[in-house]
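S.K.: Pasting a structure below so you can have a look.
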Amino acid sequence: MPYQRFLRVSIFIVIAASLASARDLALVSNKSNSVGTITLPDLVKVCKAQTNRWPDGKPVTFVMRSPNVPEMKVMLEKIYGMSESEVSGLIVSSNHGRTNHPAILIATSDEDLVNQVASIPGAIGVVDVYSINSSVVVLKLAGKLPLEPGYLLHGN
């Protein structure tokens with residue numbers, strides 16, 4: 001009996017942990033940005049710091065959580081196609097020599113991420129859908145909004 005109870009509790013913990021790390025993400029933007037939708041190839045270029053300016057001339061800043069945070073697993077797989085250490089190296093090299101305007105910023109929390117995107121003209125970021133507030137705008141990714149069927153940054 002004690003073994004079965006231990007097994008049930010263990011299974012519950014594993015399932016809860018996997019559900020907690022499988023979050024739905026949303027692409028959010030500073031309200032002053034003129035971009036309302038972005039294609040997957042363009043997002044990849046922004047995330048890899050290959051795009052420096054938006055079409056309206058504003059500098060691009062990408063804000064994300066640390067690559068080692070479980071919530072970023074979807075981004076690493078679907079956008080970067082790289083490991084945590086490779087993305088960390090990319091961030092360092094992309095920001096090298098750009099002290100006044102880093103290409104990629106790391107936020108300490110979802111709330112911090114939303115605040116950074118809201119305060120930096122030209123910024124976009126990827127955040128848990130339930131952390132979005134009125135200070136940012138949700139962008140369409142490949143023509144879809146978060147929680148729509150087929151949305152690329154769906155956590156499962």
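Numbering starts fresh at 1 for the residues of each chain in the structure tokens, the chains themselves are lettered A, B, ... in the order given, and ligands are numbered from 1 as they appear.
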Using only C-alpha atoms, which protein or nucleic acid residues come within 12 Å of stretch 74-84 of chain A? Drop anything in the same chain fewer than 6 positions from it, and give the result as a ChimeraX atom specification.

M.R.: /A:21-27,39-49,64-68,90-91,125-128,141,151-156

S.K.: Please, which residues of stretch 13-151 of chain A, numbered as in this document, come out alpha helix (DSSP H) from DSSP, as a ChimeraX atom specification?

M.R.: /A:13-21,40-47,73-75,84-95,110-119

S.K.: Of the candidates A:Gly122, A:Val114, A:Gly150, A:Val35, which one gets nearest to A:Val136 if we count only C-alpha atoms?

M.R.: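 Between A:Gly122, A:Val114, A:Gly150, A:Val35, the residue approaching A:Val136 most closely is A:Val114.
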
S.K.: Can you list, as a list in words, every residue of stretch 74-148 of chain A that DSSP puts in strand (DSSP E)?

M.R.: Ile104, Leu105, Ile106, Ala107, Ala123, Ile124, Gly125, Val126, Val127, Asp128, Val136, Val137, Val138, Lys140 and Leu141 of chain A

S.K.: Compare A:Ser134, A:Val129, A:Ile104, A:Ser34 by their minimum atom-to-atom distance to A:Pro146, counting only C-alpha atoms, and give me the closest one.

M.R.: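 Smallest separation from A:Pro146 among the options: A:Val129.
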
S.K.: Residues near stretch 116-121 of chain A, anyone? I mean within 12 Å using only C-alpha atoms, not counting same-chain ones fewer than 6 positions away, as a ChimeraX atom specification.

M.R.: /A:27-35,53-54,56-65,101-110,127,132-138

S.K.: Would you mind exporting N, CA, C and O atoms of the selected residues as a short mmCIF file (atom, residue, chain, number, x, y, z; two decimals), in the first residue's frame?

M.R.:
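Contents of the output file out-v4.cif:
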data_model
loop_
_atom_site.label_atom_id
_atom_site.label_comp_id
_atom_site.auth_asym_id
_atom_site.auth_seq_id
_atom_site.Cartn_x
_atom_site.Cartn_y
_atom_site.Cartn_z
N LEU A 27 3.90 36.64 -28.37
CA LEU A 27 4.84 37.64 -28.85
C LEU A 27 4.21 39.00 -28.58
O LEU A 27 3.12 39.29 -29.07
N VAL A 28 4.89 39.82 -27.77
CA VAL A 28 4.36 41.14 -27.42
C VAL A 28 5.29 42.23 -27.91
O VAL A 28 6.48 42.00 -28.11
N SER A 29 4.72 43.41 -28.10
CA SER A 29 5.46 44.52 -28.68
C SER A 29 5.21 45.80 -27.90
O SER A 29 4.16 45.98 -27.29
N ASN A 30 6.18 46.71 -28.00
CA ASN A 30 6.00 48.06 -27.48
C ASN A 30 4.86 48.70 -28.27
O ASN A 30 4.74 48.50 -29.48
N LYS A 31 4.03 49.48 -27.59
CA LYS A 31 2.86 50.07 -28.24
C LYS A 31 3.22 51.02 -29.38
O LYS A 31 2.42 51.22 -30.28
N SER A 32 4.41 51.58 -29.36
CA SER A 32 4.78 52.53 -30.42
C SER A 32 5.26 51.86 -31.70
O SER A 32 5.44 52.53 -32.71
N ASN A 33 5.44 50.55 -31.67
CA ASN A 33 5.89 49.83 -32.87
C ASN A 33 4.79 49.80 -33.91
O ASN A 33 3.61 49.63 -33.58
N SER A 34 5.17 49.92 -35.15
CA SER A 34 4.20 49.89 -36.24
C SER A 34 3.94 48.46 -36.73
O SER A 34 3.07 48.25 -37.56
N VAL A 35 4.66 47.49 -36.21
CA VAL A 35 4.52 46.10 -36.62
C VAL A 35 3.35 45.47 -35.86
O VAL A 35 3.30 45.53 -34.64
N ARG A 53 16.92 47.01 -37.40
CA ARG A 53 15.92 48.09 -37.41
C ARG A 53 14.60 47.59 -38.00
O ARG A 53 14.58 46.75 -38.89
N TRP A 54 13.52 48.19 -37.49
CA TRP A 54 12.19 47.93 -38.04
C TRP A 54 12.04 48.75 -39.31
O TRP A 54 12.80 49.69 -39.54
N ASP A 56 10.16 51.12 -39.93
CA ASP A 56 10.00 52.55 -39.63
C ASP A 56 11.29 53.19 -39.09
O ASP A 56 11.30 54.36 -38.72
N GLY A 57 12.38 52.41 -39.01
CA GLY A 57 13.67 52.94 -38.59
C GLY A 57 14.01 52.77 -37.13
O GLY A 57 15.15 53.01 -36.72
N LYS A 58 13.05 52.37 -36.30
CA LYS A 58 13.33 52.16 -34.88
C LYS A 58 14.28 50.98 -34.69
O LYS A 58 14.17 49.98 -35.39
N PRO A 59 15.21 51.10 -33.74
CA PRO A 59 16.09 49.95 -33.47
C PRO A 59 15.30 48.79 -32.86
O PRO A 59 14.35 48.99 -32.12
N VAL A 60 15.69 47.58 -33.21
CA VAL A 60 15.04 46.37 -32.71
C VAL A 60 15.73 45.91 -31.44
O VAL A 60 16.95 45.81 -31.38
N THR A 61 14.94 45.62 -30.42
CA THR A 61 15.43 44.98 -29.20
C THR A 61 14.54 43.78 -28.92
O THR A 61 13.31 43.92 -28.89
N PHE A 62 15.15 42.62 -28.73
CA PHE A 62 14.39 41.43 -28.39
C PHE A 62 14.59 41.14 -26.91
O PHE A 62 15.72 41.07 -26.43
N VAL A 63 13.47 40.97 -26.18
CA VAL A 63 13.52 40.71 -24.74
C VAL A 63 12.99 39.30 -24.52
O VAL A 63 11.93 38.93 -25.02
N MET A 64 13.75 38.53 -23.76
CA MET A 64 13.35 37.15 -23.47
C MET A 64 13.77 36.76 -22.06
O MET A 64 14.56 37.45 -21.43
N ARG A 65 13.24 35.67 -21.58
CA ARG A 65 13.71 35.08 -20.33
C ARG A 65 15.00 34.34 -20.63
O ARG A 65 15.32 34.03 -21.77
N HIS A 101 22.70 50.11 -26.82
CA HIS A 101 21.46 49.51 -27.32
C HIS A 101 21.67 48.02 -27.60
O HIS A 101 21.95 47.63 -28.72
N PRO A 102 21.54 47.17 -26.56
CA PRO A 102 21.72 45.73 -26.76
C PRO A 102 20.67 45.17 -27.72
O PRO A 102 19.54 45.64 -27.76
N ALA A 103 21.06 44.16 -28.47
CA ALA A 103 20.14 43.51 -29.41
C ALA A 103 19.17 42.59 -28.67
O ALA A 103 18.00 42.50 -29.02
N ILE A 104 19.66 41.91 -27.63
CA ILE A 104 18.85 40.95 -26.88
C ILE A 104 19.02 41.24 -25.39
O ILE A 104 20.14 41.31 -24.88
N LEU A 105 17.89 41.39 -24.71
CA LEU A 105 17.90 41.61 -23.26
C LEU A 105 17.29 40.40 -22.57
O LEU A 105 16.36 39.78 -23.10
N ILE A 106 17.80 40.08 -21.39
CA ILE A 106 17.27 38.98 -20.59
C ILE A 106 16.48 39.56 -19.42
O ILE A 106 17.00 40.36 -18.65
N ALA A 107 15.23 39.15 -19.30
CA ALA A 107 14.37 39.59 -18.21
C ALA A 107 14.41 38.57 -17.09
O ALA A 107 14.55 37.37 -17.33
N THR A 108 14.26 39.05 -15.87
CA THR A 108 14.32 38.17 -14.70
C THR A 108 12.99 37.48 -14.40
O THR A 108 12.95 36.48 -13.70
N SER A 109 11.90 38.02 -14.94
CA SER A 109 10.57 37.45 -14.73
C SER A 109 9.68 37.87 -15.88
O SER A 109 10.04 38.75 -16.67
N ASP A 110 8.50 37.28 -15.97
CA ASP A 110 7.56 37.69 -17.01
C ASP A 110 7.12 39.14 -16.80
O ASP A 110 6.97 39.89 -17.76
N VAL A 127 6.53 36.11 -23.94
CA VAL A 127 6.12 36.02 -22.54
C VAL A 127 4.96 35.04 -22.41
O VAL A 127 4.23 34.80 -23.38
N ILE A 132 0.44 38.95 -19.85
CA ILE A 132 0.22 40.12 -20.70
C ILE A 132 -0.69 41.11 -19.98
O ILE A 132 -1.66 40.73 -19.34
N ASN A 133 -0.35 42.40 -20.12
CA ASN A 133 -1.23 43.44 -19.61
C ASN A 133 -1.40 44.53 -20.67
O ASN A 133 -0.88 44.41 -21.78
N SER A 134 -2.08 45.59 -20.33
CA SER A 134 -2.41 46.63 -21.31
C SER A 134 -1.23 47.52 -21.70
O SER A 134 -1.37 48.37 -22.57
N SER A 135 -0.06 47.31 -21.11
CA SER A 135 1.09 48.16 -21.44
C SER A 135 1.80 47.72 -22.72
O SER A 135 2.68 48.42 -23.21
N VAL A 136 1.43 46.54 -23.25
CA VAL A 136 2.03 46.02 -24.48
C VAL A 136 0.94 45.60 -25.46
O VAL A 136 -0.23 45.49 -25.09
N VAL A 137 1.35 45.33 -26.69
CA VAL A 137 0.45 44.87 -27.74
C VAL A 137 0.85 43.45 -28.12
O VAL A 137 2.04 43.16 -28.25
N VAL A 138 -0.13 42.59 -28.32
CA VAL A 138 0.15 41.22 -28.76
C VAL A 138 0.27 41.22 -30.28
O VAL A 138 -0.58 41.75 -30.98
#

S.K.: Separation of atom CA of A:Met72 and atom CA of A:Glu86, in Å?

M.R.: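 Atom CA of A:Met72 sits 13.5 Å away from atom CA of A:Glu86.
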